[in-house]
Amino acid sequence: MKNTYQNKPISNYLVQDYLNNKDQLKSLIKNPTLLNEMLENFDQLLTKTTTIEQDKADLDIILDTTVKHAHENESSLSDLTLKYQFIVNSSHDLICLVNQNLTIEAINDTFSSEFNISSEESIGNTLEFVLGKHEYADQLAAAVRQSMKGSSATLEIEVQRNKKQTQYFEWTIYPCKISNNTINCMALIGKNITEKKHKTDLIQDQEVLLDNATDIIWVCDMDQKVTFWNKSSEKLYDISSQNALGQKIKKLVLRGSQSKQLQNIQKEVLKTGEWRGHLQSTAPDGHQIVLESRWSLVRDQSNNPRAFLIINSNISDLKHLEQQFVQSQRMENIGLITSGIVHDLNNVLAPFFMIFKTLDNNMQDKRSKQLIKLIEKSAERGASLVRQILSYVRGLEGNLQALDLNYLLKDIEQLVQETFPRNIKLMRIMESDSYSTFGNPTQLHQIFLNLVINARDAMPEGGTITIMCEKEIIDKTYAEMEEDAHPGHYIHIAFSDTGMGIPKNIIDKIFTPLFTTKSIDKGTGLGLSTVKTIIKSHKGFIRCRSIENVGTTFDLYFPFVNDTHSKSEEKELTSIASETLPQGNNETVMIVENEESVREIIAFGLEKNGYKTIKVDDGPEAIAMLASHKKDIKLVLQDMSLPTLDGKSTIKSLQKLNPSVRIIALTTIAFDKVTFVDTYGSDLSVQQFLFKPFKIDTLLRTIQQVLKS
């Protein structure tokens with residue numbers, strides 16, 4: 001029998017089944033088998049009915065619980081909504097929610113306060129309506145429309161509150177996907193960044209100030225990595241800020257043992273908060289830099305070490321100047337010693353010059369006369385050397401005279417060949433045999449020597465020095481382009497070498513006083529500066545050309561003068577030499593000289609040529625002698641370097657005794673009238689002065705000139 005009870009309604013299903021199947025029941029009673037089957041089905045049906053009733057009761061309990069939980073969840077959701085609403089309204093940011101039509105759906109209290117509109121007034125209105133009175137409404141609305149395509153956007157807006165107040169807002173727009181993974185609305189979050197903006201501007205202004213500072217300024221983190229590197233640092237180390245940031249400071253500015261100094265400095269700063277002292281640094285090209293460094297420890301708000309602020313002053317030039325000062329003091333002391341030696345050498349040479357003429361007149365054979373001339377030339381060479389040394393030590397300019405540069409260049413050539421290393425060759429190229437200019441031979445010799453020594457130092461492995469000399473015309477156009485140049489005829493001397501050349505970054509500094517790339521024991525930084533000064537004093541000019549690893553050329557230009565100057569001077573000297581020595585007329589000359597040999601040889605020369613002499617060796621004796629022979633003494637030869645009473649004081653005393661007495665000053669310095677007055681004062685009056693050593697003919701002509709004047 002088919003089971004027809006499973007899908008029947010629970011209520012009244014038994015009665016209904018009986019009424020519908022009563023005929024079948026009657027027939028089933030007659031058949032026991034069917035009756036048993038029916039009874040089994042009926043038992044099952046009763047069991048199922050009991051289970052369904054129990055399930056119904058369970059469902060009622062579940063339903064009641066669900067409804068209860070729903071009410072609880074609704075209450076919790078309401079509480080959570082209030083909490084979120086409180087959080088949003090408590091935010092200092094401006095928060096606004098708009099739909100795709102830019103209609104406002106929600107705003108927070110900060111937004112309401114900023115735009116002076118309540119939540120009720122804004123919800124349902126468009127964004128343009130709410131922002132309509134603000135100048136940036138269109139700009140913000142356009143950004144919202146752009147973000148509807150699916151990407152967030154950020155923009156900064158400047159708001160002019162009044163003439164004195166400007167505020168800045170940063171708006172960020174987020175597309176929101178609430179359902180169906182599609183953009184349903186847009187969230188606008190605005191931040192008032194005015195204070196942040198002002199702080200950022202202040203920091204930028206401070207960075208500009210630090211960048212423009214002449215000090216070298218670094219900021220490093222606790223790992224000594226650079227976080228700030230100003231423009232002065234870029235200039236000094238030739239490293240850009242971009243390349244310096246993130247690098248360890250010791251890698252950028254220190255070498256070798258200098259890193260250990262940095263470790264000690266860091267320990268001291270961490271311990272005391274600061275450090276001051278001299279920091280030895282190295283530039284990328286290898287030259288040493290001395291920094292006066294001030295380190296400060298920067299701490300964060302929690303007072304934890306955060307960074308090192310390092311402010312440096314480049315005192316390399318100052319330190320070099322200190323070294324130069326020490327060296328100049330040494331040179332000054334050497335100069336004082338040298339002056340004394342030169343004075344003694346002059347006194348040693350003086351007798352030779354006084355006696356040469358006498359010996360020459362007394363010698364009859366030709367060979368003896370030749371020997372006398374040879375000795376005289378040697379003495380003149382020694383005297384010239386003494387004058388050069390004294391001129392260099394005292395720094396005296398001396399007089400400019402017509403001279404042939406060719407002779408000076410020949411001396412330089414000979415010096416190079418005799419003293420320079422054999423792997424250095426010299427080649428001299430001359431356009432003609434004579435190059436005349438007005439100049440001081442000692443100074444010109446000094447600058448020529450300086451240039452060839454520089455050339456030698458530029459060729460440690462050997463090379464060639466070329467000296468080229470030619471005449472050149474400088475026109476107006478060229479003169480306008482070259483410093484210190486003037487149109488005219490010049491002698492152009494080029495000193496060239498095949499050395500290492502001068503780097504481009506320092507070639508503009510080579511004529512700067514105290515600038516040198518050599519160590520302190522090899523260079524003072526005054527050489528090329530002195531060269532330029534001397535050339536300029538000769539109305540000339542100098543320029544430099546150089547190619548690294550090829551060589552360097554210094555071009556010197558001196559005004560050209562006609563050869564007749566030097567030739568006429570030479571002719572004058574020849575005629576003087578052939579003249580007869582001027583004779584005295586029994587005039588009495590007092591010789592005030594503390595060096596006995598000089599005093600005696602002067603007296604011998606004067607007595608042999610018609611003069612009477614009185615010899616004294618110091619100032620007080622000279623004063624006493626003039627007092628007792630006032631009428632007899634016509635002229636005084638006064639040594640300016642006397643031990644007891646100096647020459648100046650002696651002369652003043654003599655002139656008080658006899659204002660008409662004639663005086664010739666004997667000095668170891670080559671004076672002209674200006675330098676004599678500068679040295680001894682304008683209140684000292686002498687008729688003439690002679691530089692020792694001098695020849696007898698020079699002395700006799702000077703005496704004759706003074707007595708006749």
# chains A, B, ... in the order shown; residues from 1 in each chain; ligands from 1
call {"tool": "residues_around", "arguments": {"residues": "Leu400 of chain A", "least_positions_apart": "2", "cutoff": "10 Å", "atoms": "only C-alpha atoms", "output": "list in words"}}
result
Glu397, Gly398, Ala402, Leu403, Thr437, Phe438, Gly439, Asn440, Pro441, Gln443, Ser537 and His538 of chain A
call {"tool": "write_last_selection", "arguments": {"atoms": "all heavy atoms", "output": "PDB file, in the first residue's frame"}}
result
ATOM      1  N   GLU A 397     112.677  98.301  -3.978  1.00  0.00           N
ATOM      2  CA  GLU A 397     112.316  98.256  -5.379  1.00  0.00           C
ATOM      3  C   GLU A 397     113.498  98.560  -6.292  1.00  0.00           C
ATOM      4  O   GLU A 397     113.703  97.913  -7.290  1.00  0.00           O
ATOM      5  CB  GLU A 397     111.192  99.254  -5.666  1.00  0.00           C
ATOM      6  CG  GLU A 397     109.890  98.885  -4.955  1.00  0.00           C
ATOM      7  CD  GLU A 397     108.794  99.838  -5.300  1.00  0.00           C
ATOM      8  OE1 GLU A 397     109.048 100.774  -6.096  1.00  0.00           O
ATOM      9  OE2 GLU A 397     107.682  99.671  -4.783  1.00  0.00           O
ATOM     10  N   GLY A 398     114.282  99.525  -5.929  1.00  0.00           N
ATOM     11  CA  GLY A 398     115.391  99.908  -6.791  1.00  0.00           C
ATOM     12  C   GLY A 398     114.904 100.706  -7.986  1.00  0.00           C
ATOM     13  O   GLY A 398     113.718 100.876  -8.225  1.00  0.00           O
ATOM     14  N   ALA A 402     117.349 100.900 -18.324  1.00  0.00           N
ATOM     15  CA  ALA A 402     117.317 100.238 -19.626  1.00  0.00           C
ATOM     16  C   ALA A 402     118.197  99.003 -19.575  1.00  0.00           C
ATOM     17  O   ALA A 402     119.358  99.069 -19.171  1.00  0.00           O
ATOM     18  CB  ALA A 402     117.799 101.198 -20.710  1.00  0.00           C
ATOM     19  N   LEU A 403     117.631  97.866 -19.945  1.00  0.00           N
ATOM     20  CA  LEU A 403     118.409  96.622 -19.912  1.00  0.00           C
ATOM     21  C   LEU A 403     117.926  95.687 -21.010  1.00  0.00           C
ATOM     22  O   LEU A 403     116.813  95.811 -21.519  1.00  0.00           O
ATOM     23  CB  LEU A 403     118.310  95.950 -18.540  1.00  0.00           C
ATOM     24  CG  LEU A 403     116.924  95.630 -17.986  1.00  0.00           C
ATOM     25  CD1 LEU A 403     116.446  94.261 -18.453  1.00  0.00           C
ATOM     26  CD2 LEU A 403     116.940  95.652 -16.467  1.00  0.00           C
ATOM     27  N   THR A 437     114.143  96.704 -22.492  1.00  0.00           N
ATOM     28  CA  THR A 437     113.020  97.270 -21.760  1.00  0.00           C
ATOM     29  C   THR A 437     113.577  98.018 -20.564  1.00  0.00           C
ATOM     30  O   THR A 437     114.776  97.923 -20.261  1.00  0.00           O
ATOM     31  CB  THR A 437     112.039  96.177 -21.309  1.00  0.00           C
ATOM     32  OG1 THR A 437     110.868  96.804 -20.773  1.00  0.00           O
ATOM     33  CG2 THR A 437     112.662  95.288 -20.241  1.00  0.00           C
ATOM     34  N   PHE A 438     112.714  98.791 -19.892  1.00  0.00           N
ATOM     35  CA  PHE A 438     113.108  99.413 -18.634  1.00  0.00           C
ATOM     36  C   PHE A 438     112.709  98.473 -17.500  1.00  0.00           C
ATOM     37  O   PHE A 438     111.545  98.075 -17.408  1.00  0.00           O
ATOM     38  CB  PHE A 438     112.421 100.774 -18.453  1.00  0.00           C
ATOM     39  CG  PHE A 438     113.084 101.879 -19.214  1.00  0.00           C
ATOM     40  CD1 PHE A 438     112.478 102.422 -20.333  1.00  0.00           C
ATOM     41  CD2 PHE A 438     114.320 102.364 -18.812  1.00  0.00           C
ATOM     42  CE1 PHE A 438     113.093 103.437 -21.037  1.00  0.00           C
ATOM     43  CE2 PHE A 438     114.930 103.381 -19.516  1.00  0.00           C
ATOM     44  CZ  PHE A 438     114.323 103.917 -20.638  1.00  0.00           C
ATOM     45  N   GLY A 439     113.651  98.129 -16.651  1.00  0.00           N
ATOM     46  CA  GLY A 439     113.318  97.199 -15.590  1.00  0.00           C
ATOM     47  C   GLY A 439     114.366  97.151 -14.507  1.00  0.00           C
ATOM     48  O   GLY A 439     115.458  97.712 -14.629  1.00  0.00           O
ATOM     49  N   ASN A 440     114.004  96.463 -13.426  1.00  0.00           N
ATOM     50  CA  ASN A 440     114.924  96.204 -12.328  1.00  0.00           C
ATOM     51  C   ASN A 440     115.492  94.810 -12.538  1.00  0.00           C
ATOM     52  O   ASN A 440     114.765  93.820 -12.447  1.00  0.00           O
ATOM     53  CB  ASN A 440     114.171  96.278 -10.996  1.00  0.00           C
ATOM     54  CG  ASN A 440     115.086  96.064  -9.798  1.00  0.00           C
ATOM     55  OD1 ASN A 440     115.796  95.074  -9.736  1.00  0.00           O
ATOM     56  ND2 ASN A 440     115.036  96.982  -8.847  1.00  0.00           N
ATOM     57  N   PRO A 441     116.774  94.679 -12.836  1.00  0.00           N
ATOM     58  CA  PRO A 441     117.337  93.360 -13.168  1.00  0.00           C
ATOM     59  C   PRO A 441     117.176  92.341 -12.050  1.00  0.00           C
ATOM     60  O   PRO A 441     116.952  91.163 -12.315  1.00  0.00           O
ATOM     61  CB  PRO A 441     118.808  93.675 -13.461  1.00  0.00           C
ATOM     62  CG  PRO A 441     119.073  95.002 -12.843  1.00  0.00           C
ATOM     63  CD  PRO A 441     117.796  95.746 -12.898  1.00  0.00           C
ATOM     64  N   GLN A 443     114.752  92.161  -9.761  1.00  0.00           N
ATOM     65  CA  GLN A 443     113.372  91.695  -9.700  1.00  0.00           C
ATOM     66  C   GLN A 443     113.018  90.806 -10.888  1.00  0.00           C
ATOM     67  O   GLN A 443     112.349  89.779 -10.735  1.00  0.00           O
ATOM     68  CB  GLN A 443     112.425  92.889  -9.628  1.00  0.00           C
ATOM     69  CG  GLN A 443     112.517  93.656  -8.324  1.00  0.00           C
ATOM     70  CD  GLN A 443     111.552  94.829  -8.274  1.00  0.00           C
ATOM     71  OE1 GLN A 443     111.024  95.251  -9.298  1.00  0.00           O
ATOM     72  NE2 GLN A 443     111.322  95.359  -7.090  1.00  0.00           N
ATOM     73  N   SER A 537     104.333  96.277 -11.994  1.00  0.00           N
ATOM     74  CA  SER A 537     105.130  97.464 -11.669  1.00  0.00           C
ATOM     75  C   SER A 537     106.049  97.858 -12.822  1.00  0.00           C
ATOM     76  O   SER A 537     106.519  98.993 -12.880  1.00  0.00           O
ATOM     77  CB  SER A 537     105.953  97.214 -10.400  1.00  0.00           C
ATOM     78  OG  SER A 537     107.011  96.306 -10.653  1.00  0.00           O
ATOM     79  N   HIS A 538     106.311  96.912 -13.725  1.00  0.00           N
ATOM     80  CA  HIS A 538     107.110  97.200 -14.922  1.00  0.00           C
ATOM     81  C   HIS A 538     106.222  97.581 -16.107  1.00  0.00           C
ATOM     82  O   HIS A 538     106.678  97.564 -17.254  1.00  0.00           O
ATOM     83  CB  HIS A 538     107.965  95.983 -15.284  1.00  0.00           C
ATOM     84  CG  HIS A 538     109.168  95.808 -14.409  1.00  0.00           C
ATOM     85  ND1 HIS A 538     109.080  95.437 -13.090  1.00  0.00           N
ATOM     86  CD2 HIS A 538     110.503  95.954 -14.666  1.00  0.00           C
ATOM     87  CE1 HIS A 538     110.293  95.358 -12.570  1.00  0.00           C
ATOM     88  NE2 HIS A 538     111.172  95.661 -13.499  1.00  0.00           N
TER      89      HIS A 538
END
call {"tool": "residues_around", "arguments": {"residues": "segment 276-279 of chain A", "least_positions_apart": "5", "cutoff": "10 Å", "atoms": "only C-alpha atoms", "output": "list in words"}}
result
Leu254, Gln258, Gln261, Leu262, Ile265, Glu268, Val269, Ile289, Val290, Leu291, Glu292, Ser293, Arg294, Trp295, Ser296, Ile310, Ile311, Asn312, Ser313, Asn314 and Ile315 of chain A
call {"tool": "closest_residue", "arguments": {"among": "A:Ile372, A:Met222, A:Leu642, A:Ile123", "to": "Arg306 of chain A", "atoms": "only C-alpha atoms"}}
result
A:Met222
call {"tool": "closest_residue", "arguments": {"among": "A:Val130, A:Pro659, A:Ile465, A:Arg367", "to": "Ser685 of chain A", "atoms": "only C-alpha atoms"}}
result
A:Pro659
call {"tool": "residues_around", "arguments": {"residues": "Lys612 of chain A", "least_positions_apart": "3", "cutoff": "7 Å", "atoms": "only C-alpha atoms", "output": "MDAnalysis selection string"}}
result
chainID A and resid 586:589 607
call {"tool": "write_last_selection", "arguments": {"atoms": "C-alpha atoms", "output": "PDB file, in the first residue's frame"}}
result
ATOM      1  CA  ASN A 586     144.568 119.558  -1.031  1.00  0.00           C
ATOM      2  CA  GLU A 587     141.017 119.668   0.428  1.00  0.00           C
ATOM      3  CA  THR A 588     140.691 117.905   3.769  1.00  0.00           C
ATOM      4  CA  VAL A 589     138.223 114.994   3.843  1.00  0.00           C
ATOM      5  CA  GLU A 607     145.677 110.952  -0.719  1.00  0.00           C
TER       6      GLU A 607
END
call {"tool": "atom_distance", "arguments": {"atom1": "atom CA of Asp109 of chain A", "atom2": "atom CA of Glu121 of chain A"}}
result
12.6 Å
call {"tool": "residues_around", "arguments": {"residues": "Ala141 of chain A", "least_positions_apart": "2", "cutoff": "8 Å", "atoms": "only C-alpha atoms", "output": "PyMOL selection string"}}
result
chain A and resi 102+127-128+137-139+143-145
call {"tool": "select_by_dssp", "arguments": {"residues": "segment 132-366 of chain A", "states": "strand (DSSP E)", "output": "NGL selection string"}}
result
:A and (153-160 or 166-176 or 185-192 or 216-221 or 226-229 or 274-282 or 288-299 or 305-314)
call {"tool": "residues_around", "arguments": {"residues": "segment 191-202 of chain A", "least_positions_apart": "2", "cutoff": "6 Å", "atoms": "only C-alpha atoms", "output": "MDAnalysis selection string"}}
result
chainID A and resid 93 167:170 204:205
call {"tool": "residues_around", "arguments": {"residues": "Pro487 of chain A", "least_positions_apart": "4", "cutoff": "6 Å", "atoms": "only C-alpha atoms", "output": "list in words"}}
result
Ile474, Asp475, Lys476 and Ala479 of chain A
call {"tool": "write_last_selection", "arguments": {"atoms": "all heavy atoms", "output": "CSV table (one decimal), in the first residue's frame"}}
result
chain,number,residue,atom,x,y,z
A,474,ILE,N,100.6,94.9,-29.5
A,474,ILE,CA,99.3,94.7,-28.9
A,474,ILE,C,98.4,95.9,-29.4
A,474,ILE,O,98.7,97.0,-29.2
A,474,ILE,CB,99.4,94.7,-27.3
A,474,ILE,CG1,100.3,93.6,-26.8
A,474,ILE,CG2,98.0,94.6,-26.7
A,474,ILE,CD1,99.8,92.2,-27.1
A,475,ASP,N,97.3,95.5,-30.1
A,475,ASP,CA,96.4,96.5,-30.5
A,475,ASP,C,95.3,96.8,-29.5
A,475,ASP,O,95.2,96.2,-28.4
A,475,ASP,CB,95.8,96.1,-31.9
A,475,ASP,CG,95.0,94.8,-31.8
A,475,ASP,OD1,94.6,94.4,-30.7
A,475,ASP,OD2,94.7,94.2,-32.8
A,476,LYS,N,94.5,97.8,-29.8
A,476,LYS,CA,93.4,98.2,-28.9
A,476,LYS,C,92.4,97.1,-28.6
A,476,LYS,O,92.0,97.0,-27.4
A,476,LYS,CB,92.7,99.5,-29.5
A,476,LYS,CG,91.7,100.1,-28.5
A,476,LYS,CD,91.1,101.3,-29.2
A,476,LYS,CE,90.0,101.9,-28.2
A,476,LYS,NZ,89.4,103.1,-28.8
A,479,ALA,N,94.0,94.7,-26.2
A,479,ALA,CA,94.2,95.3,-24.9
A,479,ALA,C,92.9,95.4,-24.1
A,479,ALA,O,92.9,95.3,-22.8
A,479,ALA,CB,94.8,96.7,-25.0
call {"tool": "residues_around", "arguments": {"residues": "Ala458 of chain A", "least_positions_apart": "6", "cutoff": "12 Å", "atoms": "only C-alpha atoms", "output": "ChimeraX atom specification"}}
result
/A:424,451-452,464-465,496-502,517-518,546,548-553
call {"tool": "select_by_dssp", "arguments": {"residues": "segment 82-133 of chain A", "states": "alpha helix (DSSP H)", "output": "list in words"}}
result
Leu82, Lys83, Tyr84, Gln85, Phe86, Ile87, Val88, Asn89, Ser90, Asp109, Thr110, Phe111, Ser112, Ser113, Glu114, Phe115, Ser119, Glu120, Glu121, Ser122, Leu127, Glu128, Phe129, Val130 and Leu131 of chain A
call {"tool": "atom_distance", "arguments": {"atom1": "atom CA of Glu482 of chain A", "atom2": "atom CA of Met468 of chain A"}}
result
20.3 Å
call {"tool": "closest_residue", "arguments": {"among": "A:Ile614, A:Arg662, A:Asn562, A:Pro175", "to": "Lys708 of chain A", "atoms": "only C-alpha atoms"}}
result
A:Arg662
call {"tool": "closest_residue", "arguments": {"among": "A:Phe352, A:Gln688, A:Val598, A:Leu556", "to": "Lys615 of chain A", "atoms": "only C-alpha atoms"}}
result
A:Val598
call {"tool": "closest_residue", "arguments": {"among": "A:Lys648, A:Val219, A:Ser240, A:Gly462", "to": "Val677 of chain A", "atoms": "only C-alpha atoms"}}
result
A:Lys648
call {"tool": "atom_distance", "arguments": {"atom1": "atom CA of Arg255 of chain A", "atom2": "atom CA of Asp238 of chain A"}}
result
16.0 Å
